[in-house]
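Below is structure_4.tsv, holding TSV, C-alpha atoms.
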```tsv
chain	number	residue	atom	x	y	z
A	1	MET	CA	-27.43	24.82	15.75
A	2	ASN	CA	-30.67	24.14	13.88
A	3	THR	CA	-33.28	26.83	14.45
A	4	PHE	CA	-37.04	26.70	13.99
A	5	VAL	CA	-39.88	29.14	14.48
A	6	ILE	CA	-42.09	27.78	17.29
A	7	ASP	CA	-45.78	28.19	18.00
A	8	LEU	CA	-46.35	29.29	21.59
A	9	PRO	CA	-48.98	27.35	23.56
A	10	GLN	CA	-52.34	29.01	24.09
A	11	THR	CA	-52.15	28.46	27.85
A	12	TYR	CA	-49.24	28.27	30.24
A	13	GLU	CA	-48.53	28.77	33.90
A	14	ILE	CA	-46.88	31.94	35.13
A	15	GLY	CA	-43.89	30.90	37.17
A	16	SER	CA	-40.63	29.28	36.24
A	17	PHE	CA	-41.62	27.50	33.05
A	18	GLU	CA	-40.25	26.55	29.67
A	19	ILE	CA	-41.96	27.44	26.41
A	20	ARG	CA	-41.20	24.72	23.89
A	21	ASN	CA	-42.69	22.20	21.49
A	22	GLY	CA	-39.62	20.04	21.08
A	23	GLN	CA	-37.96	22.50	18.71
A	24	TYR	CA	-35.42	25.28	18.95
A	25	ILE	CA	-35.76	28.98	18.31
A	26	SER	CA	-33.12	31.40	17.08
A	27	PHE	CA	-31.90	34.31	19.19
A	28	GLU	CA	-33.36	36.68	16.62
A	29	ASP	CA	-36.81	35.09	16.93
A	30	TYR	CA	-36.53	35.10	20.71
A	31	LEU	CA	-36.10	38.88	20.59
A	32	LYS	CA	-39.50	39.16	18.90
A	33	LEU	CA	-41.38	37.25	21.61
A	34	ASN	CA	-43.63	39.03	24.08
A	35	VAL	CA	-45.49	36.89	26.62
A	36	GLU	CA	-47.63	39.00	28.92
A	37	GLY	CA	-46.96	38.55	32.64
A	38	SER	CA	-43.49	37.06	32.36
A	39	ARG	CA	-39.86	37.76	31.57
A	40	LEU	CA	-38.12	35.65	28.96
A	41	GLU	CA	-34.54	34.46	28.52
A	42	TRP	CA	-32.94	32.40	25.76
A	43	ILE	CA	-31.03	29.29	26.87
A	44	ASP	CA	-29.44	26.96	24.32
A	45	GLY	CA	-32.14	27.73	21.78
A	46	LYS	CA	-35.04	27.36	24.22
A	47	VAL	CA	-37.06	30.18	25.72
A	48	ILE	CA	-37.49	30.21	29.49
A	49	GLY	CA	-40.08	32.36	31.24
A	50	PHE	CA	-40.01	33.67	34.80
A	51	MET	CA	-42.67	35.14	37.06
A	52	SER	CA	-43.18	38.89	37.40
A	53	ASN	CA	-41.19	40.78	40.03
A	54	ASN	CA	-42.51	41.88	43.43
A	55	LEU	CA	-42.66	45.42	44.82
A	56	LYS	CA	-39.42	45.22	46.84
A	57	HIS	CA	-37.59	44.05	43.74
A	58	GLN	CA	-39.01	46.89	41.66
A	59	ARG	CA	-38.18	49.54	44.26
A	60	VAL	CA	-34.55	48.46	44.51
A	61	GLY	CA	-34.20	48.16	40.74
A	62	GLY	CA	-35.77	51.55	40.10
A	63	PHE	CA	-33.60	53.22	42.73
A	64	LEU	CA	-30.38	51.75	41.35
A	65	GLU	CA	-31.32	52.62	37.80
A	66	LYS	CA	-31.83	56.27	38.76
A	67	ILE	CA	-28.69	56.84	40.81
A	68	MET	CA	-26.37	54.70	38.67
A	69	GLY	CA	-27.77	56.09	35.44
A	70	LEU	CA	-27.46	59.72	36.53
A	71	PHE	CA	-23.96	59.12	37.89
A	72	ALA	CA	-22.82	57.50	34.63
A	73	GLU	CA	-24.41	60.26	32.56
A	74	PHE	CA	-23.04	63.10	34.70
A	75	HIS	CA	-19.48	61.77	34.49
A	76	ASN	CA	-19.81	60.58	30.87
A	77	LEU	CA	-18.83	57.04	31.86
A	78	GLY	CA	-21.28	54.97	29.85
A	79	GLU	CA	-24.89	53.79	29.93
A	80	VAL	CA	-27.12	51.98	32.43
A	81	VAL	CA	-29.95	49.87	30.99
A	82	GLN	CA	-32.79	48.23	32.91
A	83	ALA	CA	-34.27	44.73	32.55
A	84	GLY	CA	-36.07	43.87	29.35
A	85	TYR	CA	-32.90	44.29	27.29
A	86	ALA	CA	-31.21	40.99	26.44
A	87	MET	CA	-27.49	40.44	26.96
A	88	LYS	CA	-26.29	38.00	24.30
A	89	LEU	CA	-23.47	35.73	25.49
A	90	GLU	CA	-22.47	34.02	22.26
A	91	ALA	CA	-20.07	31.41	23.65
A	92	GLN	CA	-22.61	30.19	26.21
A	93	LYS	CA	-25.56	30.37	23.76
A	94	ARG	CA	-27.36	32.54	26.27
A	95	GLY	CA	-29.65	35.54	26.05
A	96	ARG	CA	-29.93	36.75	29.64
A	97	GLU	CA	-31.79	39.80	30.95
A	98	PRO	CA	-30.05	41.10	34.09
A	99	ASP	CA	-32.07	43.51	36.19
A	100	LEU	CA	-29.55	46.23	35.33
A	101	VAL	CA	-26.44	46.44	33.20
A	102	PHE	CA	-23.76	49.08	32.87
A	103	VAL	CA	-21.69	49.39	29.72
A	104	ARG	CA	-18.65	51.68	29.61
A	105	LYS	CA	-18.61	54.28	26.82
A	106	GLU	CA	-15.45	52.62	25.43
A	107	LYS	CA	-17.62	49.56	24.64
A	108	SER	CA	-20.70	51.42	23.42
A	109	GLU	CA	-20.56	49.60	20.06
A	110	ILE	CA	-22.01	46.48	21.73
A	111	LEU	CA	-25.19	48.40	22.61
A	112	LYS	CA	-27.38	47.31	19.70
A	113	HIS	CA	-30.94	48.51	19.18
A	114	GLU	CA	-32.55	45.22	20.26
A	115	TYR	CA	-29.89	43.61	22.49
A	116	LEU	CA	-26.49	43.89	24.13
A	117	ASN	CA	-24.02	42.07	21.89
A	118	GLY	CA	-21.61	40.78	24.53
A	119	ALA	CA	-20.83	41.01	28.21
A	120	ALA	CA	-21.78	44.11	30.18
A	121	ASP	CA	-19.18	45.70	32.43
A	122	ILE	CA	-21.57	45.41	35.40
A	123	ALA	CA	-24.54	43.07	35.74
A	124	VAL	CA	-26.97	43.47	38.65
A	125	GLU	CA	-29.38	40.73	39.68
A	126	ILE	CA	-31.99	41.44	42.36
A	127	ILE	CA	-32.82	38.11	43.94
A	128	LEU	CA	-36.36	36.77	44.24
A	129	PRO	CA	-37.18	33.72	46.38
A	130	GLU	CA	-37.54	31.60	43.24
A	131	SER	CA	-34.35	32.91	41.61
A	132	VAL	CA	-31.78	32.20	44.35
A	133	GLU	CA	-30.09	29.21	42.73
A	134	ARG	CA	-30.29	30.68	39.24
A	135	ASP	CA	-28.73	34.00	40.28
A	136	ARG	CA	-26.16	32.63	42.74
A	137	LYS	CA	-24.99	29.61	40.75
A	138	THR	CA	-26.10	29.46	37.12
A	139	LYS	CA	-25.79	33.13	36.18
A	140	PHE	CA	-22.75	33.52	38.44
A	141	GLY	CA	-20.85	30.98	36.34
A	142	GLU	CA	-22.14	32.33	33.04
A	143	TYR	CA	-21.28	35.97	33.80
A	144	GLU	CA	-17.86	35.00	35.13
A	145	ALA	CA	-17.05	32.98	32.00
A	146	ALA	CA	-18.37	35.74	29.73
A	147	GLY	CA	-16.18	38.40	31.36
A	148	VAL	CA	-18.75	40.58	33.14
A	149	ASN	CA	-16.32	42.62	35.26
A	150	GLU	CA	-18.55	43.18	38.29
A	151	TYR	CA	-21.53	41.08	39.36
A	152	TRP	CA	-23.82	42.56	42.02
A	153	LEU	CA	-26.23	40.26	43.86
A	154	ILE	CA	-28.89	42.04	45.92
A	155	ASP	CA	-31.46	40.26	48.11
A	156	PRO	CA	-34.18	42.65	49.34
A	157	GLU	CA	-35.95	39.95	51.36
A	158	LYS	CA	-32.87	39.13	53.45
A	159	GLN	CA	-31.46	42.67	53.18
A	160	GLU	CA	-28.15	41.29	51.97
A	161	ALA	CA	-25.89	42.36	49.11
A	162	GLU	CA	-22.79	40.75	47.65
A	163	PHE	CA	-20.45	42.18	45.06
A	164	TYR	CA	-17.97	40.26	42.92
A	165	ARG	CA	-15.18	41.41	40.63
A	166	LEU	CA	-13.05	39.46	38.17
A	167	ASP	CA	-9.50	38.87	39.40
A	168	GLU	CA	-6.34	38.55	37.30
A	169	ASN	CA	-7.30	34.93	36.54
A	170	GLY	CA	-10.74	35.85	35.26
A	171	LEU	CA	-12.51	34.45	38.33
A	172	TYR	CA	-14.95	36.24	40.60
A	173	LYS	CA	-13.62	37.35	43.95
A	174	GLN	CA	-16.00	38.78	46.52
A	175	ILE	CA	-15.40	42.45	47.26
A	176	GLN	CA	-15.05	43.35	50.92
A	177	ILE	CA	-17.44	46.03	52.15
A	178	ASP	CA	-16.15	48.71	54.55
A	179	GLU	CA	-18.70	50.29	56.90
A	180	ASN	CA	-21.59	49.04	54.75
A	181	VAL	CA	-20.40	51.05	51.75
A	182	PHE	CA	-19.62	49.37	48.43
A	183	ARG	CA	-17.27	51.17	46.03
A	184	SER	CA	-17.23	50.17	42.39
A	185	GLU	CA	-14.03	50.10	40.36
A	186	VAL	CA	-15.90	49.67	37.08
A	187	LEU	CA	-18.37	52.55	37.50
A	188	ASP	CA	-15.47	54.73	38.56
A	189	GLY	CA	-16.12	56.83	41.67
A	190	PHE	CA	-19.57	55.37	42.35
A	191	PHE	CA	-20.38	54.16	45.85
A	192	LEU	CA	-23.47	52.62	47.39
A	193	ARG	CA	-24.56	52.71	51.03
A	194	LEU	CA	-26.30	49.39	51.63
A	195	GLU	CA	-28.90	50.92	53.94
A	196	TRP	CA	-30.19	52.92	50.96
A	197	LEU	CA	-31.39	49.66	49.41
A	198	TRP	CA	-33.63	48.54	52.24
A	199	GLN	CA	-35.66	51.69	52.87
A	200	GLU	CA	-39.33	51.55	51.91
A	201	ASN	CA	-39.15	55.16	50.74
A	202	THR	CA	-36.04	55.00	48.60
A	203	PRO	CA	-33.66	57.89	49.45
A	204	THR	CA	-32.98	59.01	45.89
A	205	PHE	CA	-32.22	62.66	46.65
A	206	GLU	CA	-30.08	61.77	49.68
A	207	ALA	CA	-28.03	59.41	47.53
A	208	LEU	CA	-27.68	61.94	44.70
A	209	ARG	CA	-26.45	64.57	47.15
A	210	GLU	CA	-23.85	62.22	48.64
A	211	LEU	CA	-22.72	61.33	45.13
A	212	ASN	CA	-22.30	65.06	44.45
A	213	LEU	CA	-24.82	65.04	41.63
A	214	ILE	CA	-27.11	67.62	43.22
A	215	GLN	CA	-26.76	70.25	45.95
```
In structure tokens, how does this file's structure come out?
Amino acid sequence: MNTFVIDLPQTYEIGSFEIRNGQYISFEDYLKLNVEGSRLEWIDGKVIGFMSNNLKHQRVGGFLEKIMGLFAEFHNLGEVVQAGYAMKLEAQKRGREPDLVFVRKEKSEILKHEYLNGAADIAVEIILPESVERDRKTKFGEYEAAGVNEYWLIDPEKQEAEFYRLDENGLYKQIQIDENVFRSEVLDGFFLRLEWLWQENTPTFEALRELNLIQ
């Protein structure tokens, strides 16, 4: 693929927009971009920008980062990384930024300084009204093809959560939830009560106690 350094426009709309001037940009140059007020992803050599997140999104993401990260650290299972860290999917020519990723310690070599060089073991997307189709269809297919073992889709507005895991054929199969509790097979031993996600005051300490991380 031909790559060119592009000049970003002086003005642009915050929303779902595409930054381009008819040319392509390399993944390495994409990593250097910083456009205030938006998140960027790299799609087939073009850089796509998305609007900033809302408060519900940030609360859920921050809560999950804390409890998943502490659980992974306590049990020495791997590392949880928040949005802003690109996941490079070479075969799809994609540089996606999931809201959270988990990478098992056995795959820690793919955690590069500037990006994740391959598929995470878990990718979490917290749905915004404008991201429904992208998260449920486009990224669903990309993460499945790339081999992301578990894909978590969380919708704070509708208070709904879906969890998918790759089956023996490499296809996502929805995981059944018992009594509103999701149990991960990838982040071994971790469970998530769905009601934790919808509380305005996120129950971090309650969750950590139930996960036996604190007394």
For this session: One decimal, Å: what's the distance from atom CA of Ala119 of chain A over to atom CA of Glu157 of chain A, could you say?
Result: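 Going from atom CA of Ala119 of chain A over to atom CA of Glu157 of chain A covers 27.7 Å.
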Might I get the box with edges along x, y and z of the file that holds all atoms of segment 65-82 of chain A listed there, padded by 6 Å on every side, given as centre and edge lengths in Å to one decimal, as AutoDock Vina command-line options?
```
--center_x -25.8 --center_y 55.7 --center_z 35.3 --size_x 26.0 --size_y 26.9 --size_z 23.0
```
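Ranking A:Arg136, A:Arg209, A:Arg104, A:Lys93 by their shortest atom-to-atom distance to Glu41 of chain A, with all atoms listed in the file included, puts A:Lys93 first.
For the atom pair formed by atom CA of Val47 of chain A and atom CA of Ile127 of chain A, the distance is 20.3 Å, given to one decimal.
Restricting the calculation to only C-alpha atoms, the smallest distance between Phe50 of chain A and any of A:Glu185, A:Glu130, A:Val81, A:Tyr115 is found for A:Glu130.
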